[in-house]
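*Asks:* First the structure, which I've put down as structure tokens, then a few questions once you've had a look.
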Amino acid sequence: MKKVLVTGAHGYLASLARLYNSGRIEFVCVSHTDVDFSRPDEVEKYFMAADFDVCLHMAADATTAHCEEQPELTHRVNTESAIAIAKVCRERAKRMVFISTEQCFNAAPGKAPFYEDDEQASVSAYGRQKMEADAWIRENLDDYLILRFSWMFGLPMPGVKASPSILGNVLAAVKGNKPTAFRVHELRNMTYAQRFAEQLPQILELPSGAYHFASQNGLSTYETARLVASRLGCTEAEVDRLILPDQKTYADRPRDFRLASDKIQAAGIKLGTFEEDLDRCFADFGW
């Protein structure tokens, strides 16, 4: 059985992956209580002594505001420690799987959907930090996977706390009867998290390289939120009252950082559309 060291082991996606693959993968769980990711030297020593076949590096400080407020601290966490782990994997001839992000393309000069080799650019500190680690791994490792995720969504399960998502945000608006604004001038992919968890064994065997992991979505974030509210059973009047258009954010420069997933699908990993993923999520949870 493959021994996979997973960082950020108690986060949403890592917890979900461990739940779905219990008995198929031997997980070595590492979190911030085991090693301080703000201290790259300590990280390197820890991973040099760790026992694993593959490192699935999911730990990150993905809070955009914190990355802007504490760029040096979060650079150590998101970039320097990721590179330290990559150096260990290279020295020990171990595969590294690095979780990157769509945010690498939130200011890219090209036209969406973006492919794996397209030019990257980001207006956010988090995006730039991930870009730097992403580029170092591609330039310096031979055996690696870079998975650039879209915005993932799902629902909580026993032992698995879901991260903020489009589904969670709309549910909060509907259940709390609280009108909430969603961005009109933003287009992005949104992917059911179980797509990753259930296919992890196959993903780990992909040929070395970068891959975009994103179900396709042709709707703005506002339009997507309206669709979710409608699927939750809201009437058109309720959707109009609860799902409000944020016309201001990005009005001066509409943002479209959708990712093309042709490469990973051609390699046998199944993805779909946001609508298909939403229907499947509802079916999985008996809604």
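The way I read the labels, and the way they are meant: chains A, B, ... in the order of the structure tokens, residue 1 as the first residue of every chain, and ligand 1 as the first ligand shown, with later ones counted on from there.
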Could you write out, as a list of chain:residue names, all the residues of stretch 54-100 of chain A that DSSP marks as helix (DSSP H, G or I)?

*Replies:*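 Taking stretch 54-100 of chain A and keeping helix (DSSP H, G or I) gives A:Thr64, A:Ala65, A:His66, A:Cys67, A:Glu68, A:Glu69, A:Pro71, A:Glu72, A:Leu73, A:Thr74, A:His75, A:Arg76, A:Val77, A:Asn78, A:Thr79, A:Glu80, A:Ser81, A:Ala82, A:Ile83, A:Ala84, A:Ile85, A:Ala86, A:Lys87, A:Val88, A:Cys89, A:Arg90, A:Glu91, A:Arg92.
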
*Asks:* Create the file for the chosen residues now, containing N, CA, C and O atoms and written as an mmCIF file, in the first residue's frame.

*Replies:*
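Saved the output as out_24.cif:
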data_model
loop_
_atom_site.group_PDB
_atom_site.id
_atom_site.type_symbol
_atom_site.label_atom_id
_atom_site.label_comp_id
_atom_site.auth_asym_id
_atom_site.auth_seq_id
_atom_site.Cartn_x
_atom_site.Cartn_y
_atom_site.Cartn_z
ATOM 1 N N THR A 64 -6.900 35.173 2.057
ATOM 2 C CA THR A 64 -6.391 36.255 1.212
ATOM 3 C C THR A 64 -6.006 37.477 2.032
ATOM 4 O O THR A 64 -4.925 38.058 1.831
ATOM 5 N N ALA A 65 -6.865 37.862 2.965
ATOM 6 C CA ALA A 65 -6.593 39.059 3.765
ATOM 7 C C ALA A 65 -5.326 38.893 4.592
ATOM 8 O O ALA A 65 -4.511 39.825 4.704
ATOM 9 N N HIS A 66 -5.130 37.709 5.177
ATOM 10 C CA HIS A 66 -3.926 37.474 5.987
ATOM 11 C C HIS A 66 -2.669 37.531 5.132
ATOM 12 O O HIS A 66 -1.633 38.051 5.558
ATOM 13 N N CYS A 67 -2.755 37.003 3.909
ATOM 14 C CA CYS A 67 -1.597 37.056 3.006
ATOM 15 C C CYS A 67 -1.244 38.489 2.642
ATOM 16 O O CYS A 67 -0.060 38.825 2.474
ATOM 17 N N GLU A 68 -2.256 39.355 2.522
ATOM 18 C CA GLU A 68 -1.994 40.764 2.216
ATOM 19 C C GLU A 68 -1.436 41.490 3.431
ATOM 20 O O GLU A 68 -0.542 42.336 3.313
ATOM 21 N N GLU A 69 -1.929 41.143 4.613
ATOM 22 C CA GLU A 69 -1.515 41.828 5.840
ATOM 23 C C GLU A 69 -0.165 41.347 6.345
ATOM 24 O O GLU A 69 0.599 42.126 6.927
ATOM 25 N N PRO A 71 2.583 39.526 4.490
ATOM 26 C CA PRO A 71 3.173 38.891 3.301
ATOM 27 C C PRO A 71 4.460 38.116 3.584
ATOM 28 O O PRO A 71 4.707 37.081 2.956
ATOM 29 N N GLU A 72 5.286 38.587 4.512
ATOM 30 C CA GLU A 72 6.540 37.868 4.795
ATOM 31 C C GLU A 72 6.255 36.553 5.505
ATOM 32 O O GLU A 72 6.839 35.515 5.158
ATOM 33 N N LEU A 73 5.371 36.581 6.501
ATOM 34 C CA LEU A 73 5.019 35.362 7.233
ATOM 35 C C LEU A 73 4.373 34.343 6.294
ATOM 36 O O LEU A 73 4.770 33.166 6.261
ATOM 37 N N THR A 74 3.383 34.770 5.526
ATOM 38 C CA THR A 74 2.670 33.828 4.667
ATOM 39 C C THR A 74 3.535 33.369 3.492
ATOM 40 O O THR A 74 3.333 32.268 2.979
ATOM 41 N N HIS A 75 4.516 34.186 3.096
ATOM 42 C CA HIS A 75 5.459 33.734 2.060
ATOM 43 C C HIS A 75 6.280 32.553 2.581
ATOM 44 O O HIS A 75 6.542 31.593 1.842
ATOM 45 N N ARG A 76 6.662 32.613 3.838
ATOM 46 C CA ARG A 76 7.400 31.483 4.414
ATOM 47 C C ARG A 76 6.537 30.227 4.424
ATOM 48 O O ARG A 76 7.028 29.128 4.154
ATOM 49 N N VAL A 77 5.247 30.384 4.744
ATOM 50 C CA VAL A 77 4.342 29.240 4.803
ATOM 51 C C VAL A 77 4.036 28.700 3.405
ATOM 52 O O VAL A 77 4.173 27.497 3.137
ATOM 53 N N ASN A 78 3.625 29.597 2.519
ATOM 54 C CA ASN A 78 3.096 29.175 1.221
ATOM 55 C C ASN A 78 4.151 28.923 0.159
ATOM 56 O O ASN A 78 3.921 28.131 -0.764
ATOM 57 N N THR A 79 5.297 29.589 0.283
ATOM 58 C CA THR A 79 6.321 29.476 -0.756
ATOM 59 C C THR A 79 7.585 28.781 -0.255
ATOM 60 O O THR A 79 7.992 27.741 -0.774
ATOM 61 N N GLU A 80 8.194 29.354 0.768
ATOM 62 C CA GLU A 80 9.497 28.850 1.210
ATOM 63 C C GLU A 80 9.412 27.430 1.760
ATOM 64 O O GLU A 80 10.271 26.595 1.467
ATOM 65 N N SER A 81 8.375 27.141 2.533
ATOM 66 C CA SER A 81 8.250 25.776 3.071
ATOM 67 C C SER A 81 7.890 24.782 1.971
ATOM 68 O O SER A 81 8.342 23.629 1.996
ATOM 69 N N ALA A 82 7.083 25.216 1.002
ATOM 70 C CA ALA A 82 6.773 24.334 -0.128
ATOM 71 C C ALA A 82 8.035 23.995 -0.903
ATOM 72 O O ALA A 82 8.252 22.838 -1.301
ATOM 73 N N ILE A 83 8.906 24.976 -1.110
ATOM 74 C CA ILE A 83 10.165 24.736 -1.820
ATOM 75 C C ILE A 83 11.082 23.853 -0.984
ATOM 76 O O ILE A 83 11.776 22.970 -1.515
ATOM 77 N N ALA A 84 11.087 24.054 0.346
ATOM 78 C CA ALA A 84 11.897 23.202 1.221
ATOM 79 C C ALA A 84 11.462 21.747 1.102
ATOM 80 O O ALA A 84 12.299 20.831 1.030
ATOM 81 N N ILE A 85 10.158 21.499 1.066
ATOM 82 C CA ILE A 85 9.643 20.136 0.909
ATOM 83 C C ILE A 85 10.023 19.585 -0.456
ATOM 84 O O ILE A 85 10.415 18.418 -0.595
ATOM 85 N N ALA A 86 9.931 20.427 -1.475
ATOM 86 C CA ALA A 86 10.296 19.993 -2.829
ATOM 87 C C ALA A 86 11.769 19.595 -2.896
ATOM 88 O O ALA A 86 12.123 18.607 -3.562
ATOM 89 N N LYS A 87 12.635 20.323 -2.224
ATOM 90 C CA LYS A 87 14.062 19.990 -2.210
ATOM 91 C C LYS A 87 14.291 18.626 -1.560
ATOM 92 O O LYS A 87 15.114 17.834 -2.030
ATOM 93 N N VAL A 88 13.556 18.359 -0.463
ATOM 94 C CA VAL A 88 13.675 17.057 0.202
ATOM 95 C C VAL A 88 13.209 15.949 -0.742
ATOM 96 O O VAL A 88 13.871 14.908 -0.870
ATOM 97 N N CYS A 89 12.077 16.166 -1.407
ATOM 98 C CA CYS A 89 11.558 15.145 -2.326
ATOM 99 C C CYS A 89 12.554 14.882 -3.458
ATOM 100 O O CYS A 89 12.758 13.720 -3.855
ATOM 101 N N ARG A 90 13.183 15.936 -3.951
ATOM 102 C CA ARG A 90 14.182 15.751 -5.008
ATOM 103 C C ARG A 90 15.377 14.959 -4.497
ATOM 104 O O ARG A 90 15.841 14.013 -5.156
ATOM 105 N N GLU A 91 15.852 15.297 -3.318
ATOM 106 C CA GLU A 91 17.031 14.619 -2.768
ATOM 107 C C GLU A 91 16.737 13.156 -2.447
ATOM 108 O O GLU A 91 17.598 12.288 -2.644
ATOM 109 N N ARG A 92 15.515 12.880 -1.995
ATOM 110 C CA ARG A 92 15.169 11.518 -1.583
ATOM 111 C C ARG A 92 14.475 10.719 -2.690
ATOM 112 O O ARG A 92 14.065 9.587 -2.460
#

*Asks:* Excluding same-chain residues fewer than 4 positions from stretch 199-209 of chain A, what lies within 8 Å of it counting only C-alpha atoms, as a PDB file with C-alpha atoms, in the first residue's frame?

*Replies:*
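In the end it all went to result.pdb:
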ATOM      1  CA  ALA A  17      -9.409  12.465   0.781  1.00  0.00           C
ATOM      2  CA  ASN A  21      -9.420   6.381   0.710  1.00  0.00           C
ATOM      3  CA  ARG A  24      -6.621   2.079  -0.073  1.00  0.00           C
ATOM      4  CA  ILE A  25      -3.845   4.481   0.933  1.00  0.00           C
ATOM      5  CA  VAL A  97       2.139  16.541  -5.274  1.00  0.00           C
ATOM      6  CA  ARG A 138       8.303  22.844 -12.439  1.00  0.00           C
ATOM      7  CA  ASP A 142      11.526  15.638 -12.382  1.00  0.00           C
ATOM      8  CA  ASP A 143       8.865  13.663 -10.495  1.00  0.00           C
ATOM      9  CA  TYR A 144       6.035  15.944  -9.422  1.00  0.00           C
ATOM     10  CA  LEU A 145       2.377  16.784  -9.851  1.00  0.00           C
ATOM     11  CA  ILE A 146       1.016  20.302  -9.623  1.00  0.00           C
ATOM     12  CA  ARG A 195     -14.263  14.582  -7.474  1.00  0.00           C
ATOM     13  CA  ALA A 267      -5.428  11.393 -18.711  1.00  0.00           C
ATOM     14  CA  ILE A 269      -9.656  11.858 -14.513  1.00  0.00           C
TER      15      ILE A 269
END

*Asks:* What is the atom CA of A:Cys281 to atom CA of A:Pro164 distance in Å?

*Replies:*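 It comes out at 15.4 Å.
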
*Asks:* Fewer than 5 positions away in the same chain doesn't count, so skip those; otherwise give me all residues within 10 Å of A:Ala210, counting only C-alpha atoms, as a ChimeraX atom specification.

*Replies:* /A:97-100,115-117,134,137-138,144-148,263-264

*Asks:* For A:Asp277, which residue among A:Met152, A:Gln247, A:Asn169, A:Pro254 is the nearest when counting only C-alpha atoms?

*Replies:*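 When distances to A:Asp277 are compared using only C-alpha atoms, the smallest one comes from A:Met152.
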
*Asks:* Which is closest to A:Glu238 among A:Asn217, A:Asn140, A:Thr101, A:Thr180, if we use only C-alpha atoms?

*Replies:*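 Smallest separation from A:Glu238 among the options: A:Thr180.
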
*Asks:* Pull the strand (DSSP E or B) assignments for stretch 48-233 of chain A out of DSSP run on the backbone, and list those residues as a PyMOL selection string.

*Replies:* chain A and resi 54-57+95-101+114+144-149+151-153+157+160+180-183+186-187+190-192+209-213+216+220

*Asks:* Any chance you can output those residues with C-alpha atoms as a JSON list (two decimals), in the first residue's frame?

*Replies:*
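Listed below is the output, selection.json:
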[["chain", "number", "residue", "atom", "x", "y", "z"],
["A", 54, "VAL", "CA", 4.60, 10.43, -1.91],
["A", 55, "CYS", "CA", 4.19, 13.86, -0.34],
["A", 56, "LEU", "CA", 0.76, 15.41, -0.90],
["A", 57, "HIS", "CA", 1.41, 19.01, 0.14],
["A", 95, "ARG", "CA", 7.16, 12.23, -5.75],
["A", 96, "MET", "CA", 5.76, 15.59, -4.67],
["A", 97, "VAL", "CA", 2.14, 16.54, -5.27],
["A", 98, "PHE", "CA", 1.69, 20.28, -4.82],
["A", 99, "ILE", "CA", -1.73, 21.87, -4.56],
["A", 100, "SER", "CA", -1.73, 25.15, -6.44],
["A", 101, "THR", "CA", -4.62, 27.42, -7.34],
["A", 114, "PHE", "CA", -6.39, 29.11, -19.11],
["A", 144, "TYR", "CA", 6.04, 15.94, -9.42],
["A", 145, "LEU", "CA", 2.38, 16.78, -9.85],
["A", 146, "ILE", "CA", 1.02, 20.30, -9.62],
["A", 147, "LEU", "CA", -2.76, 20.38, -9.25],
["A", 148, "ARG", "CA", -4.22, 23.84, -9.78],
["A", 149, "PHE", "CA", -7.61, 23.72, -8.11],
["A", 151, "TRP", "CA", -12.96, 26.94, -6.01],
["A", 152, "MET", "CA", -14.05, 23.66, -4.41],
["A", 153, "PHE", "CA", -17.45, 23.07, -2.82],
["A", 157, "MET", "CA", -19.54, 15.05, 6.80],
["A", 160, "VAL", "CA", -14.99, 16.60, 7.79],
["A", 180, "THR", "CA", -26.29, 38.50, 0.19],
["A", 181, "ALA", "CA", -24.42, 40.06, -2.72],
["A", 182, "PHE", "CA", -22.47, 37.95, -5.24],
["A", 183, "ARG", "CA", -20.04, 39.25, -7.86],
["A", 186, "GLU", "CA", -16.30, 37.47, -11.95],
["A", 187, "LEU", "CA", -16.21, 34.13, -13.76],
["A", 190, "MET", "CA", -16.43, 25.63, -9.11],
["A", 191, "THR", "CA", -15.82, 21.92, -8.50],
["A", 192, "TYR", "CA", -17.40, 19.29, -6.25],
["A", 209, "GLY", "CA", 3.51, 17.65, -14.80],
["A", 210, "ALA", "CA", 0.98, 20.38, -14.03],
["A", 211, "TYR", "CA", -2.77, 19.78, -14.31],
["A", 212, "HIS", "CA", -5.87, 21.92, -13.92],
["A", 213, "PHE", "CA", -8.54, 20.33, -11.74],
["A", 216, "GLN", "CA", -16.44, 23.85, -16.15],
["A", 220, "SER", "CA", -20.77, 34.51, -13.34]]
